[in-house]
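File shown: data.txt. Contents: compact mmCIF, C-alpha atoms and all ligand atoms.
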```txt
# COMPACT_ATOMS: atom_id res chain seq x y z
CA MET A 659 17.15 0.70 -19.04
CA PRO A 660 19.43 0.37 -15.97
CA HIS A 661 20.96 -3.11 -16.29
CA ASP A 662 21.72 -4.00 -12.67
CA LEU A 663 18.12 -4.29 -11.54
CA PHE A 664 18.82 -6.12 -8.31
CA ALA A 665 21.80 -4.16 -6.95
CA ILE A 666 21.33 -3.11 -3.34
CA PRO A 667 24.19 -1.41 -1.45
CA GLN A 668 25.57 -3.07 1.71
CA PRO A 669 24.01 -0.72 4.34
CA GLU A 670 20.59 -1.25 2.75
CA LEU A 671 21.13 -5.03 2.82
CA GLU A 672 21.73 -4.74 6.57
CA PHE A 673 18.48 -2.77 6.92
CA LEU A 674 16.64 -5.46 4.95
CA ALA A 675 18.08 -8.22 7.15
CA ALA A 676 16.64 -6.40 10.18
CA VAL A 677 13.26 -6.09 8.40
CA GLN A 678 13.35 -9.81 7.60
CA ASN A 679 14.00 -10.63 11.23
CA PHE A 680 11.16 -8.31 12.32
CA SER A 681 8.79 -9.86 9.79
CA ASP A 682 9.67 -13.44 10.83
CA THR A 683 9.72 -13.00 14.59
CA GLU A 684 7.37 -10.11 15.43
CA VAL A 685 4.92 -9.93 12.53
CA LEU A 686 4.16 -13.41 11.17
CA PRO A 687 3.44 -14.93 14.61
CA GLN A 688 0.83 -12.17 15.20
CA THR A 689 -0.83 -12.00 11.79
CA ARG A 690 -3.88 -14.10 12.76
CA ALA A 691 -4.33 -12.30 16.07
CA TRP A 692 -4.23 -8.89 14.36
CA GLU A 693 -6.73 -10.04 11.78
CA GLU A 694 -9.08 -11.30 14.47
CA ALA A 695 -8.71 -8.07 16.45
CA THR A 696 -9.12 -6.15 13.15
CA ALA A 697 -6.34 -3.90 14.42
CA PHE A 698 -2.60 -3.61 14.92
CA PRO A 699 -1.37 -2.96 18.45
CA ASP A 700 -0.40 0.70 18.97
CA GLU A 701 3.15 -0.32 19.97
CA ILE A 702 3.83 -1.53 16.45
CA TRP A 703 4.23 2.04 15.18
CA PRO A 704 7.12 3.15 17.46
CA ARG A 705 8.70 -0.27 16.89
CA MET A 706 8.59 0.26 13.13
CA GLY A 707 9.87 3.80 13.65
CA GLU A 708 12.86 2.40 15.53
CA LEU A 709 13.60 0.07 12.60
CA GLY A 710 13.44 2.96 10.12
CA LEU A 711 10.40 1.54 8.32
CA LEU A 712 8.34 4.73 8.59
CA SER A 713 10.77 7.09 6.90
CA MET A 714 12.16 5.13 3.96
CA THR A 715 11.15 7.89 1.54
CA LEU A 716 12.48 10.71 3.73
CA PRO A 717 16.07 11.82 3.01
CA PRO A 718 18.56 11.51 5.90
CA ALA A 719 18.87 15.32 5.96
CA GLY A 720 15.17 15.43 6.88
CA GLY A 721 15.63 12.82 9.63
CA GLY A 722 14.64 9.78 7.57
CA THR A 723 16.18 6.51 6.47
CA GLY A 724 16.33 7.85 2.90
CA LEU A 725 16.43 4.51 1.12
CA SER A 726 16.38 3.70 -2.56
CA CYS A 727 13.05 2.79 -4.13
CA ARG A 728 14.49 -0.68 -4.73
CA THR A 729 15.04 -1.16 -0.99
CA TYR A 730 11.67 0.39 -0.08
CA CYS A 731 10.01 -2.22 -2.35
CA GLU A 732 12.09 -5.02 -0.86
CA ALA A 733 11.08 -3.98 2.67
CA VAL A 734 7.39 -3.98 1.70
CA ARG A 735 7.76 -7.37 -0.01
CA ILE A 736 9.43 -8.88 3.06
CA LEU A 737 6.77 -7.43 5.38
CA ALA A 738 4.04 -8.97 3.20
CA HIS A 739 5.49 -12.41 4.00
CA GLY A 740 4.65 -11.62 7.63
CA ASP A 741 1.42 -9.63 7.30
CA PRO A 742 0.07 -8.16 4.04
CA ALA A 743 -2.04 -5.55 5.85
CA LEU A 744 1.03 -4.20 7.62
CA ALA A 745 2.93 -4.16 4.33
CA MET A 746 0.09 -2.15 2.76
CA ASN A 747 0.20 0.40 5.58
CA ILE A 748 3.97 0.78 5.33
CA ALA A 749 3.74 1.20 1.57
CA ALA A 750 1.07 3.92 1.87
CA VAL A 751 2.63 5.78 4.80
CA ASN A 752 5.98 6.02 3.03
CA ALA A 753 4.92 6.69 -0.55
CA LEU A 754 1.85 8.85 0.01
CA VAL A 755 2.19 10.61 3.35
CA VAL A 756 5.83 10.98 4.43
CA ALA A 757 6.87 11.55 0.82
CA HIS A 758 4.08 14.13 0.46
CA ILE A 759 5.17 16.18 3.47
CA ALA A 760 8.82 15.89 2.39
CA ALA A 761 7.99 17.07 -1.16
CA PHE A 762 5.25 19.67 -0.64
CA GLY A 763 5.24 20.57 3.06
CA THR A 764 6.34 24.03 4.18
CA PRO A 765 9.39 24.22 6.51
CA GLU A 766 6.98 24.71 9.47
CA GLN A 767 4.97 21.63 8.50
CA LYS A 768 8.09 19.50 8.13
CA GLU A 769 9.36 20.75 11.47
CA LYS A 770 6.05 19.98 13.17
CA TYR A 771 5.31 16.52 11.77
CA LEU A 772 8.20 14.68 10.16
CA ALA A 773 10.17 13.62 13.24
CA GLY A 774 7.01 12.20 14.88
CA ALA A 775 5.94 10.50 11.65
CA ALA A 776 9.36 8.85 11.29
CA ALA A 777 9.36 7.77 14.95
CA GLY A 778 5.81 6.36 14.81
CA THR A 779 4.45 8.72 17.46
CA ILE A 780 2.30 10.45 14.83
CA LYS A 781 0.19 7.88 12.99
CA LEU A 782 -0.63 8.67 9.37
CA ALA A 783 -3.22 8.13 6.63
CA TRP A 784 -3.94 9.39 3.13
CA GLY A 785 -7.44 10.49 2.08
CA LEU A 786 -8.38 10.76 -1.57
CA THR A 787 -11.29 8.33 -2.08
CA GLU A 788 -14.88 9.44 -1.41
CA PRO A 789 -18.28 7.80 -1.83
CA ASP A 790 -18.61 9.41 -5.29
CA ALA A 791 -14.93 9.63 -6.22
CA GLY A 792 -13.08 6.33 -6.65
CA SER A 793 -11.28 5.54 -9.89
CA ASP A 794 -12.42 8.95 -11.13
CA ALA A 795 -10.44 10.73 -8.44
CA ARG A 796 -11.00 14.19 -9.91
CA ARG A 797 -14.65 13.94 -8.81
CA VAL A 798 -13.65 14.72 -5.23
CA LYS A 799 -16.43 16.75 -3.59
CA THR A 800 -14.69 17.67 -0.34
CA VAL A 801 -14.37 21.46 -0.45
CA ALA A 802 -11.54 23.54 1.00
CA GLU A 803 -12.13 27.24 1.67
CA PRO A 804 -9.42 29.59 2.94
CA ILE A 805 -9.87 30.94 6.45
CA GLU A 806 -9.55 34.71 6.16
CA ASP A 807 -7.49 35.57 9.21
CA ARG A 808 -5.34 32.38 9.19
CA PRO A 809 -3.03 32.29 6.15
CA GLY A 810 -2.35 28.71 4.98
CA TYR A 811 -5.36 27.29 6.83
CA TYR A 812 -8.58 26.12 5.19
CA GLN A 813 -11.98 24.93 6.31
CA LEU A 814 -12.74 21.44 4.96
CA ASN A 815 -16.21 19.98 4.37
CA GLY A 816 -16.93 16.57 2.88
CA ARG A 817 -16.63 12.84 3.40
CA LYS A 818 -13.82 10.34 2.78
CA MET A 819 -14.14 6.55 2.60
CA PHE A 820 -11.84 3.49 2.43
CA ILE A 821 -9.07 5.30 4.27
CA THR A 822 -6.36 2.88 5.41
CA ASN A 823 -5.36 3.40 9.05
CA GLY A 824 -7.93 6.20 9.17
CA GLY A 825 -9.33 4.88 12.44
CA LYS A 826 -6.02 5.29 14.23
CA ALA A 827 -4.40 8.17 12.37
CA ASP A 828 -3.36 11.37 14.14
CA LEU A 829 -2.68 13.13 10.84
CA ILE A 830 -4.37 12.59 7.46
CA ILE A 831 -3.56 14.10 4.09
CA ILE A 832 -6.85 15.23 2.58
CA ILE A 833 -7.25 15.87 -1.13
CA ALA A 834 -9.90 18.57 -1.50
CA ARG A 835 -11.38 20.96 -4.05
CA THR A 836 -10.16 24.57 -3.94
CA GLY A 837 -11.97 25.74 -7.08
CA GLU A 838 -14.22 24.51 -9.87
CA LYS A 839 -11.34 22.61 -11.48
CA GLU A 840 -8.56 22.94 -8.92
CA LEU A 841 -7.75 20.45 -6.19
CA SER A 842 -4.95 20.43 -3.65
CA ALA A 843 -3.85 18.70 -0.44
CA PHE A 844 -4.21 19.54 3.25
CA LEU A 845 -2.81 18.24 6.51
CA LEU A 846 -5.61 17.42 8.90
CA GLU A 847 -5.11 16.65 12.57
CA THR A 848 -7.83 14.19 13.60
CA ASP A 849 -7.98 15.46 17.16
CA GLN A 850 -10.44 18.28 16.36
CA PRO A 851 -14.24 18.70 16.55
CA GLY A 852 -14.64 18.95 12.75
CA PHE A 853 -13.44 15.36 12.27
CA THR A 854 -16.06 12.62 12.78
CA LEU A 855 -15.31 8.94 12.36
CA GLU A 856 -18.49 7.62 10.74
CA LYS A 857 -17.82 3.93 10.37
CA ARG A 858 -15.25 1.21 10.38
CA ILE A 859 -15.27 -0.57 7.00
CA HIS A 860 -14.86 -4.34 7.36
CA THR A 861 -13.13 -5.85 4.34
CA VAL A 862 -12.68 -9.43 3.14
CA GLY A 863 -8.87 -9.16 3.49
CA VAL A 864 -6.22 -6.86 5.03
CA SER A 865 -8.65 -6.44 7.93
CA ALA A 866 -6.11 -5.32 10.51
CA SER A 867 -5.51 -2.09 8.67
CA ASN A 868 -8.38 -0.11 10.17
CA THR A 869 -10.11 1.11 7.02
CA VAL A 870 -12.71 3.77 7.76
CA GLN A 871 -15.14 6.36 6.49
CA PHE A 872 -15.12 9.82 8.07
CA ALA A 873 -16.84 13.18 7.68
CA LEU A 874 -15.32 16.64 7.75
CA ASN A 875 -17.58 19.40 9.06
CA ASN A 876 -15.76 22.74 9.10
CA ALA A 877 -12.58 20.83 9.92
CA ILE A 878 -9.35 22.82 9.86
CA GLY A 879 -6.74 21.77 7.29
CA TRP A 880 -3.24 23.16 6.80
CA HIS A 881 -2.47 23.65 3.12
CA THR A 882 0.52 21.88 1.57
CA PRO A 883 1.05 23.91 -1.60
CA CYS A 884 0.73 21.48 -4.52
CA THR A 885 -1.48 20.69 -7.48
CA PHE A 886 -3.74 17.63 -7.76
CA GLU A 887 -1.33 16.14 -10.30
CA GLN A 888 1.64 16.58 -7.96
CA ALA A 889 -0.20 15.04 -5.00
CA THR A 890 -1.57 12.08 -6.95
CA GLY A 891 1.73 11.71 -8.84
CA LEU A 892 3.02 10.10 -5.65
CA LEU A 893 0.76 7.18 -6.49
CA TYR A 894 3.28 6.01 -9.09
CA ARG A 895 5.81 5.02 -6.42
CA GLY A 896 2.84 3.94 -4.28
CA ARG A 897 1.87 1.45 -6.98
CA LEU A 898 5.33 -0.08 -6.83
CA GLY A 899 4.71 -0.51 -3.09
CA ILE A 900 1.44 -2.35 -3.80
CA ALA A 901 3.25 -4.44 -6.42
CA ALA A 902 5.84 -5.36 -3.77
CA MET A 903 3.04 -6.29 -1.38
CA ALA A 904 1.44 -8.47 -4.08
CA LEU A 905 4.75 -10.15 -4.83
CA GLY A 906 5.32 -10.88 -1.15
CA ILE A 907 1.86 -12.45 -0.85
CA ALA A 908 2.44 -14.58 -3.96
CA GLU A 909 5.88 -15.74 -2.76
CA LYS A 910 4.57 -16.72 0.65
CA ALA A 911 1.56 -18.62 -0.72
CA HIS A 912 3.72 -20.35 -3.32
CA ALA A 913 6.26 -21.45 -0.69
CA LEU A 914 3.44 -22.87 1.44
CA ALA A 915 2.02 -24.73 -1.58
CA ILE A 916 5.40 -26.26 -2.46
CA GLU A 917 5.92 -27.40 1.13
CA TYR A 918 2.44 -28.88 1.40
CA SER A 919 2.66 -30.62 -1.98
CA LYS A 920 5.86 -32.36 -0.87
CA GLN A 921 4.27 -33.70 2.30
CA ARG A 922 0.75 -34.69 1.29
CA GLU A 923 0.26 -38.06 -0.38
CA GLN A 924 -2.76 -39.39 -2.25
CA PHE A 925 -2.91 -42.42 -4.57
CA ASN A 926 0.46 -43.43 -3.04
CA ARG A 927 2.17 -40.40 -4.54
CA ARG A 928 3.15 -36.99 -3.26
CA LEU A 929 1.01 -34.17 -4.67
CA CYS A 930 4.15 -32.56 -6.11
CA ASP A 931 4.69 -35.66 -8.26
CA MET A 932 1.32 -35.27 -9.97
CA GLN A 933 1.36 -33.44 -13.24
CA SER A 934 -1.65 -31.17 -12.61
CA VAL A 935 -0.08 -29.95 -9.38
CA GLN A 936 3.30 -29.59 -11.07
CA ASN A 937 1.70 -27.43 -13.74
CA MET A 938 0.26 -25.13 -11.08
CA LEU A 939 3.58 -24.89 -9.23
CA ALA A 940 5.53 -24.28 -12.43
CA ASP A 941 3.19 -21.50 -13.58
CA SER A 942 3.37 -19.80 -10.18
CA GLU A 943 7.16 -20.02 -10.10
CA MET A 944 7.44 -18.44 -13.54
CA GLU A 945 4.88 -15.69 -12.90
CA ILE A 946 6.52 -14.71 -9.61
CA ALA A 947 9.89 -14.49 -11.36
CA ALA A 948 8.41 -12.29 -14.09
CA GLY A 949 6.76 -10.09 -11.45
CA ARG A 950 10.08 -9.65 -9.68
CA LEU A 951 11.63 -8.35 -12.89
CA LEU A 952 8.82 -5.88 -13.57
CA LEU A 953 9.00 -4.57 -10.02
CA ALA A 954 12.79 -4.31 -10.08
CA GLN A 955 12.57 -2.47 -13.40
CA GLY A 956 10.12 0.07 -11.98
CA ALA A 957 12.20 0.66 -8.87
CA ALA A 958 15.43 0.98 -10.87
CA LEU A 959 13.81 3.55 -13.18
CA PHE A 960 12.60 5.55 -10.17
CA ASP A 961 16.07 5.46 -8.60
CA ALA A 962 17.53 6.63 -11.92
CA GLY A 963 15.15 9.63 -11.86
CA GLU A 964 13.18 8.45 -14.87
CA SER A 965 9.42 8.34 -15.41
CA ILE A 966 7.72 5.30 -13.88
CA VAL A 967 4.18 5.98 -15.10
CA LEU A 968 4.24 3.01 -17.47
CA ALA A 969 6.55 0.79 -15.42
CA SER A 970 4.63 1.21 -12.15
CA SER A 971 1.28 0.37 -13.74
CA MET A 972 2.76 -2.69 -15.48
CA ALA A 973 4.40 -3.88 -12.25
CA LYS A 974 1.24 -3.35 -10.19
CA LEU A 975 -1.10 -4.89 -12.73
CA TYR A 976 1.02 -7.96 -13.32
CA THR A 977 2.03 -8.70 -9.74
CA SER A 978 -1.47 -8.14 -8.34
CA GLU A 979 -3.06 -10.47 -10.87
CA THR A 980 -0.20 -12.92 -10.24
CA ALA A 981 -0.85 -12.75 -6.49
CA ASN A 982 -4.50 -13.63 -7.09
CA ARG A 983 -3.67 -16.50 -9.45
CA VAL A 984 -0.90 -17.85 -7.23
CA THR A 985 -2.91 -17.73 -3.99
CA ASN A 986 -5.81 -19.40 -5.77
CA ARG A 987 -3.54 -22.22 -6.97
CA ALA A 988 -1.90 -22.49 -3.55
CA LEU A 989 -5.30 -22.84 -1.88
CA GLN A 990 -6.33 -25.44 -4.49
CA ILE A 991 -3.19 -27.46 -3.79
CA HIS A 992 -4.10 -27.49 -0.09
CA GLY A 993 -7.50 -28.99 -0.97
CA GLY A 994 -10.15 -28.78 1.78
CA ARG A 995 -7.55 -27.77 4.34
CA GLY A 996 -6.82 -24.70 2.23
CA MET A 997 -10.26 -23.39 3.07
CA THR A 998 -9.74 -23.67 6.81
CA ARG A 999 -8.31 -21.06 9.12
CA GLU A 1000 -5.75 -23.59 10.32
CA PHE A 1001 -3.75 -22.87 7.18
CA LEU A 1002 -2.39 -19.43 6.32
CA VAL A 1003 -3.06 -19.85 2.63
CA GLU A 1004 -6.75 -18.86 2.90
CA LYS A 1005 -5.77 -15.55 4.50
CA LEU A 1006 -3.24 -14.81 1.78
CA TRP A 1007 -5.93 -15.63 -0.83
CA ARG A 1008 -8.24 -13.04 0.79
CA ASP A 1009 -5.52 -10.44 1.35
CA ALA A 1010 -4.40 -10.69 -2.29
CA LYS A 1011 -7.66 -9.20 -3.55
CA LEU A 1012 -6.83 -5.71 -2.28
CA THR A 1013 -3.81 -5.53 -4.58
CA GLU A 1014 -6.09 -5.58 -7.66
CA ILE A 1015 -8.16 -2.69 -6.25
CA GLY A 1016 -6.17 -0.31 -4.01
CA GLU A 1017 -4.20 2.56 -5.60
CA GLY A 1018 -6.01 2.01 -8.89
CA CYS A 1019 -7.94 -1.07 -10.02
CA SER A 1020 -6.53 -3.35 -12.72
CA GLU A 1021 -8.84 -1.74 -15.30
CA ILE A 1022 -7.32 1.65 -14.52
CA GLN A 1023 -3.77 0.27 -14.78
CA ARG A 1024 -4.63 -1.09 -18.24
CA MET A 1025 -5.95 2.35 -19.22
CA VAL A 1026 -2.71 3.99 -18.03
CA ILE A 1027 -0.55 1.48 -19.90
CA ALA A 1028 -2.57 1.82 -23.12
CA LYS A 1029 -2.47 5.63 -22.89
CA GLN A 1030 1.30 5.64 -22.39
CA ILE A 1031 1.97 3.46 -25.42
CA THR A 1032 -0.44 5.25 -27.78
CA ARG A 1033 0.58 8.83 -26.99
C1 LIG B 1101 -8.94 -2.02 1.82
C2 LIG B 1101 -8.89 -0.74 1.03
C3 LIG B 1101 -8.01 0.27 1.43
C4 LIG B 1101 -7.99 1.50 0.75
N1 LIG B 1101 -7.19 2.51 1.20
C5 LIG B 1101 -7.30 3.75 0.67
C6 LIG B 1101 -6.62 4.87 1.24
O1 LIG B 1101 -5.84 4.72 2.21
N2 LIG B 1101 -6.82 6.10 0.74
C7 LIG B 1101 -7.65 6.32 -0.33
O2 LIG B 1101 -7.79 7.46 -0.74
N3 LIG B 1101 -8.31 5.28 -0.92
C8 LIG B 1101 -8.17 4.01 -0.43
N4 LIG B 1101 -8.85 2.94 -1.00
C9 LIG B 1101 -9.73 3.20 -2.13
C10 LIG B 1101 -9.28 2.57 -3.43
O3 LIG B 1101 -8.19 3.28 -3.95
C11 LIG B 1101 -10.51 2.56 -4.37
O4 LIG B 1101 -11.38 1.56 -3.85
C12 LIG B 1101 -10.15 2.25 -5.81
O5 LIG B 1101 -9.41 3.31 -6.36
C13 LIG B 1101 -11.40 2.04 -6.68
O6 LIG B 1101 -12.38 3.00 -6.45
P1 LIG B 1101 -13.89 2.51 -6.15
O7 LIG B 1101 -13.82 1.52 -5.04
O8 LIG B 1101 -14.71 3.71 -5.93
O9 LIG B 1101 -14.36 1.73 -7.43
P2 LIG B 1101 -14.99 2.39 -8.77
O10 LIG B 1101 -14.16 3.51 -9.22
O11 LIG B 1101 -16.44 2.63 -8.55
O12 LIG B 1101 -14.81 1.18 -9.79
C14 LIG B 1101 -15.65 0.03 -9.79
C15 LIG B 1101 -15.21 -0.85 -10.94
O13 LIG B 1101 -15.35 -0.13 -12.18
C16 LIG B 1101 -14.11 -0.13 -12.87
N5 LIG B 1101 -13.92 1.14 -13.57
C17 LIG B 1101 -14.03 2.39 -13.07
N6 LIG B 1101 -13.75 3.30 -14.02
C18 LIG B 1101 -13.45 2.59 -15.14
C19 LIG B 1101 -13.08 2.95 -16.48
N7 LIG B 1101 -12.95 4.22 -16.84
N8 LIG B 1101 -12.86 1.96 -17.36
C20 LIG B 1101 -12.98 0.66 -17.00
N9 LIG B 1101 -13.32 0.25 -15.76
C21 LIG B 1101 -13.55 1.21 -14.85
C22 LIG B 1101 -13.07 -0.29 -11.78
O14 LIG B 1101 -11.84 -0.74 -12.31
C23 LIG B 1101 -13.74 -1.28 -10.86
O15 LIG B 1101 -13.58 -2.57 -11.36
C24 LIG B 1101 -8.83 1.68 -0.38
C25 LIG B 1101 -9.68 0.66 -0.79
C26 LIG B 1101 -9.71 -0.54 -0.10
C27 LIG B 1101 -10.66 -1.62 -0.56
```

Would you encode the structure as structure tokens?
Amino acid sequence: MPHDLFAIPQPELEFLAAVQNFSDTEVLPQTRAWEEATAFPDEIWPRMGELGLLSMTLPPAGGGTGLSCRTYCEAVRILAHGDPALAMNIAAVNALVVAHIAAFGTPEQKEKYLAGAAAGTIKLAWGLTEPDAGSDARRVKTVAEPIEDRPGYYQLNGRKMFITNGGKADLIIIIARTGEKELSAFLLETDQPGFTLEKRIHTVGVSASNTVQFALNNAIGWHTPCTFEQATGLLYRGRLGIAAMALGIAEKAHALAIEYSKQREQFNRRLCDMQSVQNMLADSEMEIAAGRLLLAQGAALFDAGESIVLASSMAKLYTSETANRVTNRALQIHGGRGMTREFLVEKLWRDAKLTEIGEGCSEIQRMVIAKQITR
């Protein structure tokens, strides 16, 4: 186990200070407006490109920021203080799309897409889930058939649902079936007749993130040579990103609850001086601290080149359930006001739910953990 779990080199600390400033001054003030609009403004992507937030998993030689996993998680955590939906998008774009092209893309594909992806001029999404393939991801029915006179290109037919940023994306990674048992991944440009946006999916939280369902009818996909296991193996780092998002939500809600409990008085006492409220605050403080350690452990293992299958599931499971417990307590501490839109805590409570579902539900994380320890 690497012992210095929290070490971050100086240049990365400077990057994180810029992310903090962005989150405080350009994200948090807009979080309600984006939720109401159920969309981010298009300008946010080039702005995040400028900050280096879209290429954290791309090595500098490939034109990226090339940051450690530790710093990637910190950036996602800090963004979640400002807007959890934006943090979720950044986590997915980096871990599942940019990292995919960097790892499995051909030189032509990297040349064509990576600079635009890093700059935010090419908007990205990742498409695995389908109406009949959720937790059981191998059930994907989207079929990919090679196009005879176009080596590397395939015709894709099927339907994808719950795709984050799918309504805005210029380029989507599609996981599709190439044989009875074989699946692989394809780059799909959305600006083509075979791509049909079927519906916008409105969710209880993270609403700004433009989650959609779309159909592929003889759509053209460019093959990125990889197996299903390689493509979905990127989900391990992705889960650390969702854990960071969950931690950020929990920290923000907890801070709001502490502040509120120090100001609000009933029975001639501050809420924070009442034992039931103290118990809630103490439990949240401790669970957040434990979540930080699990996340830092996962990131440190990744940076050391070790397996994070177990560590990423433990970090995601624990922090996501913590985020749900902590936001629930924080809302409770706010009383009736906690249920109103005048207080941010109700939004954090709703946004937290995604972390127990996206990139593998809690039940699936428990299966992964149990399998790892009983091998
Ligand atoms: C807002 C949002 C954004 C998303 N973004 C993306 C995206 O960008 N790209 C993408 O590909 N997908 C995305 N997803 C999909 C997400 O990954 C799936 O929703 C998730 O994996 C669960 O699949 P499902 O919804 O089909 O639930 P199901 O698989 O039908 O599961 C339903 C319930 O059954 C439980 N369950 C299933 N199998 C088992 C089992 N073997 N043992 C015990 N319990 C089990 C589950 O844990 C869950 O509680 C997103 C989802 C949401 C809500």

Edge lengths and centre, in Å to one decimal, as lines of an AutoDock Vina configuration file: that's what I need for the box along x, y and z that holds all listed atoms of ligand LIG 1101 (chain B) plus 6 Å on each side.
```
center_x = -11.1
center_y = 2.4
center_z = -7.6
size_x = 22.6
size_y = 22.0
size_z = 31.6
```

Sorted per-residue table, chain A near ligand LIG 1101 (chain B), closest atoms and distance, 10 Å, only C-alpha atoms and all ligand atoms, as CSV:
```
residue,atom,partner,partner_atom,distance
A:Ala743,CA,B:LIG1101,C1,8.7
A:Met746,CA,B:LIG1101,C3,8.6
A:Asn747,CA,B:LIG1101,O1,8.2
A:Ala750,CA,B:LIG1101,O1,7.0
A:Val751,CA,B:LIG1101,O1,8.9
A:Leu754,CA,B:LIG1101,O1,9.0
A:Leu782,CA,B:LIG1101,O1,9.7
A:Ala783,CA,B:LIG1101,O1,6.2
A:Trp784,CA,B:LIG1101,N2,5.0
A:Gly785,CA,B:LIG1101,O2,4.2
A:Leu786,CA,B:LIG1101,O2,3.5
A:Thr787,CA,B:LIG1101,O2,3.8
A:Glu788,CA,B:LIG1101,O8,7.3
A:Pro789,CA,B:LIG1101,O8,6.8
A:Asp790,CA,B:LIG1101,O8,6.9
A:Ala791,CA,B:LIG1101,O8,5.9
A:Gly792,CA,B:LIG1101,O8,3.2
A:Ser793,CA,B:LIG1101,O10,3.6
A:Asp794,CA,B:LIG1101,O10,6.0
A:Ala795,CA,B:LIG1101,O5,7.8
A:Lys818,CA,B:LIG1101,O2,7.6
A:Met819,CA,B:LIG1101,N3,6.9
A:Phe820,CA,B:LIG1101,C24,4.5
A:Ile821,CA,B:LIG1101,O1,3.9
A:Thr822,CA,B:LIG1101,O1,3.7
A:Asn823,CA,B:LIG1101,O1,7.0
A:Gly824,CA,B:LIG1101,O1,7.4
A:Ile830,CA,B:LIG1101,O1,9.6
A:Ile831,CA,B:LIG1101,O2,9.2
A:Ile832,CA,B:LIG1101,O2,8.5
A:Ile833,CA,B:LIG1101,O2,8.4
A:Ile859,CA,B:LIG1101,C1,8.3
A:His860,CA,B:LIG1101,C1,8.4
A:Thr861,CA,B:LIG1101,C1,6.2
A:Val862,CA,B:LIG1101,C1,8.4
A:Gly863,CA,B:LIG1101,C1,7.3
A:Val864,CA,B:LIG1101,C1,6.4
A:Ser865,CA,B:LIG1101,C1,7.5
A:Ala866,CA,B:LIG1101,C1,9.7
A:Ser867,CA,B:LIG1101,C1,7.7
A:Asn868,CA,B:LIG1101,C1,8.6
A:Thr869,CA,B:LIG1101,C3,6.0
A:Val870,CA,B:LIG1101,C3,8.6
A:Thr890,CA,B:LIG1101,O2,9.9
A:Asp1009,CA,B:LIG1101,C1,9.1
A:Lys1011,CA,B:LIG1101,C27,8.7
A:Leu1012,CA,B:LIG1101,C27,5.9
A:Thr1013,CA,B:LIG1101,C27,8.9
A:Glu1014,CA,B:LIG1101,O14,8.8
A:Ile1015,CA,B:LIG1101,C12,5.3
A:Gly1016,CA,B:LIG1101,O3,4.1
A:Glu1017,CA,B:LIG1101,O3,4.4
A:Gly1018,CA,B:LIG1101,O5,4.4
A:Cys1019,CA,B:LIG1101,O14,4.5
A:Ser1020,CA,B:LIG1101,O14,5.9
A:Glu1021,CA,B:LIG1101,O14,4.4
A:Ile1022,CA,B:LIG1101,O14,5.6
A:Gln1023,CA,B:LIG1101,O14,8.5
A:Arg1024,CA,B:LIG1101,C20,8.6
A:Met1025,CA,B:LIG1101,N8,7.2
```

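From CA of Ile907 in chain A back to CA of Ala665 in chain A, the distance works out to 22.4 Å.
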
- Query: How many Å lie between CA of Gly949 in chain A and CA of Ala973 in chain A, rounded to one decimal?
  - Reply: 6.7 Å

- Please, what distance in Å, to one decimal, runs between CA of Ala1028 in chain A and CA of Ala901 in chain A?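 Separation between CA of Ala1028 in chain A and CA of Ala901 in chain A: 18.8 Å.
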
- Hey, what's within 12 Å of Pro765 in chain A if we count all atoms listed in the file and toss same-chain stuff fewer than 5 positions away? As an MDAnalysis selection string, please? chainID A and resid 720 759:760 770:772 882:883

- Smallest atom-to-atom distance to Thr980 in chain A: which of A:Gly994, A:Gly837, A:Gly906, A:Pro699, using all atoms listed in the file?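 So, comparing all the options, the nearest one is A:Gly906.
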
- Query: Which is closer to Arg950 in chain A than all the others in A:Ile702, A:Glu964, A:Glu909, A:Phe925, using all atoms listed in the file?
  - Reply: A:Glu909

- Task: Return the single residue from A:Ala988, A:Ala775, A:Ala733, A:Val967 that is closest to Ile666 in chain A, with distances computed using all atoms listed in the file.
- Result: A:Ala733

With range 705-719 of chain A as the partner and 12 Å as the cut-off, tabulate the residues of range 774-851 of chain A that qualify, each row holding the nearest pair of atoms and their distance in Å to one decimal, using all atoms listed in the file, sorted by chain and rising number, as a Markdown table.
```
| residue | atom | partner | partner_atom | distance |
| --- | --- | --- | --- | --- |
| A:Gly774 | CA | A:Gly707 | CA | 9.0 |
| A:Ala775 | CA | A:Leu712 | CA | 7.0 |
| A:Ala776 | CA | A:Ser713 | CA | 4.9 |
| A:Ala777 | CA | A:Gly707 | CA | 4.2 |
| A:Gly778 | CA | A:Gly707 | CA | 4.9 |
| A:Thr779 | CA | A:Gly707 | CA | 8.3 |
| A:Ile780 | CA | A:Gly707 | CA | 10.1 |
| A:Lys781 | CA | A:Leu712 | CA | 9.8 |
| A:Leu782 | CA | A:Leu712 | CA | 9.8 |
```

- Item | Distance query Ser919 in chain A at most 7 Å, all atoms listed in the file, self and fewer than 4 positions along chain excluded, as an NGL selection string | :A and (915 or 928-930 or 991)

- Message: Taking only C-alpha atoms into account, name the residue in A:Gln850, A:Asn875, A:Asn752, A:Ser965 that is nearest to Thr800 in chain A.
- Response: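 Between A:Gln850, A:Asn875, A:Asn752, A:Ser965, the residue approaching Thr800 in chain A most closely is A:Asn875.
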
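In this comparison, which uses all atoms listed in the file, the residue of A:Met997, A:Ile1027, A:Leu893, A:Ile805 approaching Ala757 in chain A most closely is A:Leu893.
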
- Item | Given all atoms listed in the file as the counted atoms, nearest of A:Thr729, A:Thr854, A:Gln888, A:Asn986 to Glu672 in chain A |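 Distance minimum relative to Glu672 in chain A lands on A:Thr729.
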